[in-house]
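Peer 1: File name model_26.pdb; file contents PDB, C-alpha atoms; full text below.
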```pdb
ATOM      1  CA  MET A 250     -45.475 -33.669  21.022
ATOM      2  CA  LYS A 251     -41.738 -34.400  21.353
ATOM      3  CA  VAL A 252     -41.735 -35.634  17.762
ATOM      4  CA  VAL A 253     -43.201 -32.323  16.561
ATOM      5  CA  TYR A 254     -40.534 -30.338  18.430
ATOM      6  CA  GLY A 255     -37.872 -32.586  16.968
ATOM      7  CA  ILE A 256     -39.163 -32.050  13.433
ATOM      8  CA  VAL A 257     -39.424 -28.280  13.907
ATOM      9  CA  LEU A 258     -35.911 -28.142  15.329
ATOM     10  CA  SER A 259     -34.560 -30.211  12.427
ATOM     11  CA  VAL A 260     -36.214 -27.942   9.862
ATOM     12  CA  LEU A 261     -34.867 -24.803  11.543
ATOM     13  CA  CYS A 262     -31.345 -26.191  11.729
ATOM     14  CA  SER A 263     -31.377 -27.271   8.106
ATOM     15  CA  ALA A 264     -32.480 -23.777   7.044
ATOM     16  CA  ALA A 265     -29.345 -22.206   8.560
ATOM     17  CA  PRO A 266     -26.518 -21.693   6.072
ATOM     18  CA  ALA A 267     -23.854 -24.357   6.203
ATOM     19  CA  LEU A 268     -20.353 -23.039   6.741
ATOM     20  CA  ALA A 269     -18.006 -25.695   5.449
ATOM     21  CA  HIS A 270     -14.289 -25.331   5.994
ATOM     22  CA  HIS A 271     -12.030 -26.936   3.447
ATOM     23  CA  SER A 272      -8.355 -27.725   3.733
ATOM     24  CA  PHE A 273      -5.811 -25.599   1.862
ATOM     25  CA  SER A 274      -5.070 -28.403  -0.603
ATOM     26  CA  ALA A 275      -8.745 -28.780  -1.506
ATOM     27  CA  GLU A 276      -8.882 -25.217  -2.858
ATOM     28  CA  PHE A 277      -5.301 -24.135  -3.625
ATOM     29  CA  ASP A 278      -2.207 -25.624  -5.258
ATOM     30  CA  ALA A 279       1.030 -25.389  -3.228
ATOM     31  CA  THR A 280       3.040 -26.189  -6.378
ATOM     32  CA  LYS A 281       1.751 -23.039  -8.106
ATOM     33  CA  CYS A 282       2.907 -20.261  -5.778
ATOM     34  CA  SER A 283       4.531 -16.996  -6.780
ATOM     35  CA  ASP A 284       5.303 -13.529  -5.455
ATOM     36  CA  ILE A 285       2.816 -10.927  -6.625
ATOM     37  CA  THR A 286       3.472  -7.201  -6.282
ATOM     38  CA  GLY A 287       0.822  -4.526  -6.515
ATOM     39  CA  ILE A 288      -1.180  -1.909  -4.645
ATOM     40  CA  LEU A 289      -3.135  -3.108  -1.608
ATOM     41  CA  THR A 290      -6.651  -1.738  -2.088
ATOM     42  CA  LYS A 291      -8.804  -3.422   0.548
ATOM     43  CA  VAL A 292      -8.640  -5.550   3.703
ATOM     44  CA  ASN A 293     -11.618  -7.692   4.735
ATOM     45  CA  TYR A 294     -10.740  -8.715   8.286
ATOM     46  CA  GLU A 295     -13.362 -11.391   8.949
ATOM     47  CA  ASN A 296     -13.916 -15.018   9.878
ATOM     48  CA  PRO A 297     -13.614 -17.804   8.908
ATOM     49  CA  HIS A 298     -10.991 -16.284   6.541
ATOM     50  CA  SER A 299      -9.797 -12.752   6.016
ATOM     51  CA  TYR A 300      -9.089 -11.437   2.520
ATOM     52  CA  ILE A 301      -6.905  -8.789   0.974
ATOM     53  CA  PHE A 302      -7.284  -7.303  -2.487
ATOM     54  CA  VAL A 303      -4.337  -6.107  -4.558
ATOM     55  CA  ASN A 304      -4.353  -4.252  -7.871
ATOM     56  CA  VAL A 305      -1.693  -5.854 -10.061
ATOM     57  CA  THR A 306      -0.423  -4.300 -13.298
ATOM     58  CA  GLN A 307      -0.063  -6.937 -16.008
ATOM     59  CA  PRO A 308       2.766  -6.830 -18.602
ATOM     60  CA  ASP A 309       0.312  -5.346 -21.142
ATOM     61  CA  GLY A 310      -0.453  -2.461 -18.737
ATOM     62  CA  LYS A 311      -3.899  -3.744 -17.766
ATOM     63  CA  VAL A 312      -4.650  -3.608 -14.025
ATOM     64  CA  VAL A 313      -6.407  -6.624 -12.500
ATOM     65  CA  GLU A 314      -7.604  -7.219  -8.964
ATOM     66  CA  ALA A 315      -6.071 -10.223  -7.213
ATOM     67  CA  THR A 316      -7.841 -11.715  -4.189
ATOM     68  CA  PHE A 317      -5.837 -13.413  -1.454
ATOM     69  CA  GLN A 318      -7.409 -15.648   1.182
ATOM     70  CA  LEU A 319      -5.733 -15.334   4.572
ATOM     71  CA  SER A 320      -6.075 -17.147   7.869
ATOM     72  CA  SER A 321      -8.696 -16.384  10.543
ATOM     73  CA  THR A 322      -8.606 -13.107  12.455
ATOM     74  CA  THR A 323      -7.499 -14.968  15.590
ATOM     75  CA  ASN A 324      -4.480 -16.459  13.829
ATOM     76  CA  LEU A 325      -3.661 -13.148  12.170
ATOM     77  CA  LYS A 326      -3.753 -11.262  15.488
ATOM     78  CA  ARG A 327      -1.687 -13.959  17.177
ATOM     79  CA  GLY A 328       0.990 -13.561  14.513
ATOM     80  CA  GLY A 329       1.010  -9.747  14.597
ATOM     81  CA  ALA A 330      -0.993  -9.114  11.422
ATOM     82  CA  ASP A 331      -3.890  -7.336  13.098
ATOM     83  CA  ARG A 332      -6.243  -5.121  11.119
ATOM     84  CA  PRO A 333      -4.475  -1.811  11.919
ATOM     85  CA  THR A 334      -1.131  -3.281  10.815
ATOM     86  CA  LEU A 335      -2.558  -4.392   7.463
ATOM     87  CA  MET A 336      -4.532  -1.162   6.975
ATOM     88  CA  LYS A 337      -1.327   0.928   7.152
ATOM     89  CA  SER A 338      -0.387  -0.483   3.734
ATOM     90  CA  VAL A 339      -3.684   0.247   1.963
ATOM     91  CA  CYS A 340      -3.037   2.322  -1.185
ATOM     92  CA  LYS A 341       0.641   1.331  -1.035
ATOM     93  CA  GLN A 342       2.761  -1.267  -2.811
ATOM     94  CA  VAL A 343       3.007  -4.701  -1.202
ATOM     95  CA  THR A 344       4.345  -8.097  -2.236
ATOM     96  CA  VAL A 345       2.191 -11.101  -1.454
ATOM     97  CA  ARG A 346       3.070 -14.771  -1.791
ATOM     98  CA  GLY A 347       0.101 -16.373  -3.528
ATOM     99  CA  CYS A 348      -0.743 -20.007  -4.206
ATOM    100  CA  ALA A 349      -3.148 -20.307  -7.127
ATOM    101  CA  ALA A 350      -6.675 -21.677  -6.961
ATOM    102  CA  ARG A 351      -7.011 -25.308  -8.048
ATOM    103  CA  THR A 352     -10.040 -24.392 -10.154
ATOM    104  CA  GLY A 353      -7.873 -22.237 -12.386
ATOM    105  CA  GLU A 354      -9.878 -19.165 -11.415
ATOM    106  CA  PRO A 355      -7.599 -16.286 -12.355
ATOM    107  CA  ASN A 356      -6.291 -13.894  -9.708
ATOM    108  CA  ARG A 357      -7.516 -15.971  -6.741
ATOM    109  CA  TYR A 358      -4.898 -17.120  -4.264
ATOM    110  CA  ALA A 359      -4.203 -18.260  -0.723
ATOM    111  CA  SER A 360      -1.361 -16.382   0.922
ATOM    112  CA  PRO A 361       1.145 -17.571   3.520
ATOM    113  CA  TRP A 362       2.805 -14.126   3.930
ATOM    114  CA  ILE A 363       2.769 -10.491   2.870
ATOM    115  CA  LYS A 364       5.591  -7.955   2.703
ATOM    116  CA  LEU A 365       3.984  -4.683   3.751
ATOM    117  CA  ALA A 366       4.813  -1.214   2.441
ATOM    118  CA  ASP A 367       7.151  -0.545   5.396
ATOM    119  CA  GLY A 368       9.195  -3.657   4.500
ATOM    120  CA  THR A 369       7.982  -5.860   7.351
ATOM    121  CA  VAL A 370       6.846  -9.372   6.564
ATOM    122  CA  GLN A 371       3.724 -10.735   8.216
ATOM    123  CA  ARG A 372       2.653 -14.371   8.311
ATOM    124  CA  VAL A 373      -0.977 -14.408   7.143
ATOM    125  CA  GLY A 374      -1.604 -18.062   6.282
ATOM    126  CA  GLN A 375      -0.305 -21.611   6.260
ATOM    127  CA  ASP A 376       3.314 -22.358   5.405
ATOM    128  CA  VAL A 377       2.553 -24.760   2.571
ATOM    129  CA  GLU A 378       5.989 -24.447   0.971
ATOM    130  CA  ALA A 379       8.010 -25.669   3.945
ATOM    131  CA  ASN A 380      11.362 -25.280   2.242
ATOM    132  CA  LEU A 381      10.685 -21.780   0.882
ATOM    133  CA  GLY A 382       9.018 -20.037   3.823
ATOM    134  CA  ALA A 383       8.647 -16.271   4.169
ATOM    135  CA  PRO A 384      11.483 -13.859   3.528
ATOM    136  CA  GLU A 385      13.348 -12.571   6.564
ATOM    137  CA  ARG A 386      11.614  -9.881   8.582
TER     138      ARG A 386
END
```
Go through the file and emit its structure as structure tokens.

Peer 2:
Amino acid sequence: MKVVYGIVLSVLCSAAPALAHHSFSAEFDATKCSDITGILTKVNYENPHSYIFVNVTQPDGKVVEATFQLSSTTNLKRGGADRPTLMKSVCKQVTVRGCAARTGEPNRYASPWIKLADGTVQRVGQDVEANLGAPER
């Protein structure tokens, strides 16, 4: 009987979705970071990572959506970048430091910081460029 319970438990556990967490360097390239300016359109404040979405106007005039992976909500709150703070800049111009995806997927980044519409700078991810850091607040 114990064997049956063990098998049932194993099957149930294996049916649950696996949530793997990868290191920054597995997904993003710290040597390919740049400042990206555009209009903040959406904030997904969720775990294990939050995301922001920014409409960026390309040199040819075309607008593309850039996605930025942030830290967890706990880390964001701890650093002062809570949801209400980020939401105040929705539909406004922001500058985000973005490190490009290793896969080459366009407009997908991890972000260490964001300069909000009011000029404040919020830490929103890992400092992967130790010598560059965020601009002064």

Peer 1: Smallest atom-to-atom distance to A:Tyr294: which of A:Gly328, A:Gly374, A:Pro308, A:Pro333, using all atoms listed in the file?

Peer 2: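 Closest residue, counting all atoms listed in the file: A:Pro333.
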
Peer 1: Take the PyMOL selection byres ((chain A and resi 340) around 10), apply it to the structure above, and return the hits as an mmCIF file with C-alpha atoms, in the coordinates of the input.

Peer 2:
```
data_model
loop_
_atom_site.group_PDB
_atom_site.id
_atom_site.type_symbol
_atom_site.label_atom_id
_atom_site.label_comp_id
_atom_site.auth_asym_id
_atom_site.auth_seq_id
_atom_site.Cartn_x
_atom_site.Cartn_y
_atom_site.Cartn_z
ATOM 1 C CA GLY A 287 0.822 -4.526 -6.515
ATOM 2 C CA ILE A 288 -1.180 -1.909 -4.645
ATOM 3 C CA LEU A 289 -3.135 -3.108 -1.608
ATOM 4 C CA THR A 290 -6.651 -1.738 -2.088
ATOM 5 C CA LYS A 291 -8.804 -3.422 0.548
ATOM 6 C CA VAL A 303 -4.337 -6.107 -4.558
ATOM 7 C CA ASN A 304 -4.353 -4.252 -7.871
ATOM 8 C CA MET A 336 -4.532 -1.162 6.975
ATOM 9 C CA LYS A 337 -1.327 0.928 7.152
ATOM 10 C CA SER A 338 -0.387 -0.483 3.734
ATOM 11 C CA VAL A 339 -3.684 0.247 1.963
ATOM 12 C CA LYS A 341 0.641 1.331 -1.035
ATOM 13 C CA GLN A 342 2.761 -1.267 -2.811
ATOM 14 C CA VAL A 343 3.007 -4.701 -1.202
ATOM 15 C CA ALA A 366 4.813 -1.214 2.441
#
```

Peer 1: Could you tell me how far atom CA of A:Trp362 lies from atom CA of A:Val312, in Å and to one decimal?

Peer 2: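 Taking atom CA of A:Trp362 and atom CA of A:Val312, their separation equals 22.1 Å.
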
Peer 1: Name the residues captured by the PyMOL selection byres ((chain A and resi 285) around 8) when it is applied to the shown file; answer as a list in words.

Peer 2: Ser283, Asp284, Thr286, Gly287, Val305, Thr344, Val345, Arg346 and Gly347 of chain A

Peer 1: Determine the nearest neighbour of A:Cys282 from the options A:Thr369, A:Ser360, A:Asn324, A:Gln375, counting only C-alpha atoms.

Peer 2: A:Ser360

Peer 1: Set the distance at 8 Å and use all atoms listed in the file: which residues neighbour A:Ala359 once local chain neighbours fewer than 3 positions away are removed? I'd like the list as a compact mmCIF listing (two decimals) with C-alpha atoms, in the frame of the given file.

Peer 2:
```
# COMPACT_ATOMS: atom_id res chain seq x y z
CA PHE A 273 -5.81 -25.60 1.86
CA PHE A 277 -5.30 -24.14 -3.62
CA PHE A 317 -5.84 -13.41 -1.45
CA GLN A 318 -7.41 -15.65 1.18
CA LEU A 319 -5.73 -15.33 4.57
CA GLY A 347 0.10 -16.37 -3.53
CA CYS A 348 -0.74 -20.01 -4.21
CA ALA A 349 -3.15 -20.31 -7.13
CA ALA A 350 -6.68 -21.68 -6.96
CA GLY A 374 -1.60 -18.06 6.28
```

Peer 1: For the provided coordinates, the residues matched by the PyMOL selection byres ((chain A and resi 299) around 8) should be stated as an mmCIF file with C-alpha atoms, keeping the file's coordinate frame.

Peer 2:
```
data_model
loop_
_atom_site.group_PDB
_atom_site.id
_atom_site.type_symbol
_atom_site.label_atom_id
_atom_site.label_comp_id
_atom_site.auth_asym_id
_atom_site.auth_seq_id
_atom_site.Cartn_x
_atom_site.Cartn_y
_atom_site.Cartn_z
ATOM 1 C CA VAL A 292 -8.640 -5.550 3.703
ATOM 2 C CA ASN A 293 -11.618 -7.692 4.735
ATOM 3 C CA TYR A 294 -10.740 -8.715 8.286
ATOM 4 C CA GLU A 295 -13.362 -11.391 8.949
ATOM 5 C CA ASN A 296 -13.916 -15.018 9.878
ATOM 6 C CA PRO A 297 -13.614 -17.804 8.908
ATOM 7 C CA HIS A 298 -10.991 -16.284 6.541
ATOM 8 C CA TYR A 300 -9.089 -11.437 2.520
ATOM 9 C CA ILE A 301 -6.905 -8.789 0.974
ATOM 10 C CA GLN A 318 -7.409 -15.648 1.182
ATOM 11 C CA LEU A 319 -5.733 -15.334 4.572
ATOM 12 C CA SER A 320 -6.075 -17.147 7.869
ATOM 13 C CA SER A 321 -8.696 -16.384 10.543
ATOM 14 C CA THR A 322 -8.606 -13.107 12.455
#
```

Peer 1: What is the atom CA of A:Gly353-atom CA of A:Phe302 distance in Å, reported with one decimal?

Peer 2: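 Atom CA of A:Phe302 lies 17.9 Å from atom CA of A:Gly353.
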
Peer 1: What does the distance from atom CA of A:Gly329 to atom CA of A:Arg357 come to in Å, to one decimal?

Peer 2: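 Going from atom CA of A:Gly329 over to atom CA of A:Arg357, I get 23.8 Å.
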
Peer 1: Have a look at A:Ala315, A:Arg351, A:Arg372, A:Gly310 and name the one nearest to A:Thr334; count all atoms listed in the file.

Peer 2: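 Nearest to A:Thr334: A:Arg372.
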
Peer 1: With all atoms of stretch 358-370 of chain A from the file as input, state the centre and edge lengths in Å to one decimal of the axis-aligned box that has 3 Å extra on each side, as AutoDock Vina command-line options.

Peer 2:
```
--center_x 2.1 --center_y -9.4 --center_z 1.5 --size_x 20.1 --size_y 23.7 --size_z 17.6
```
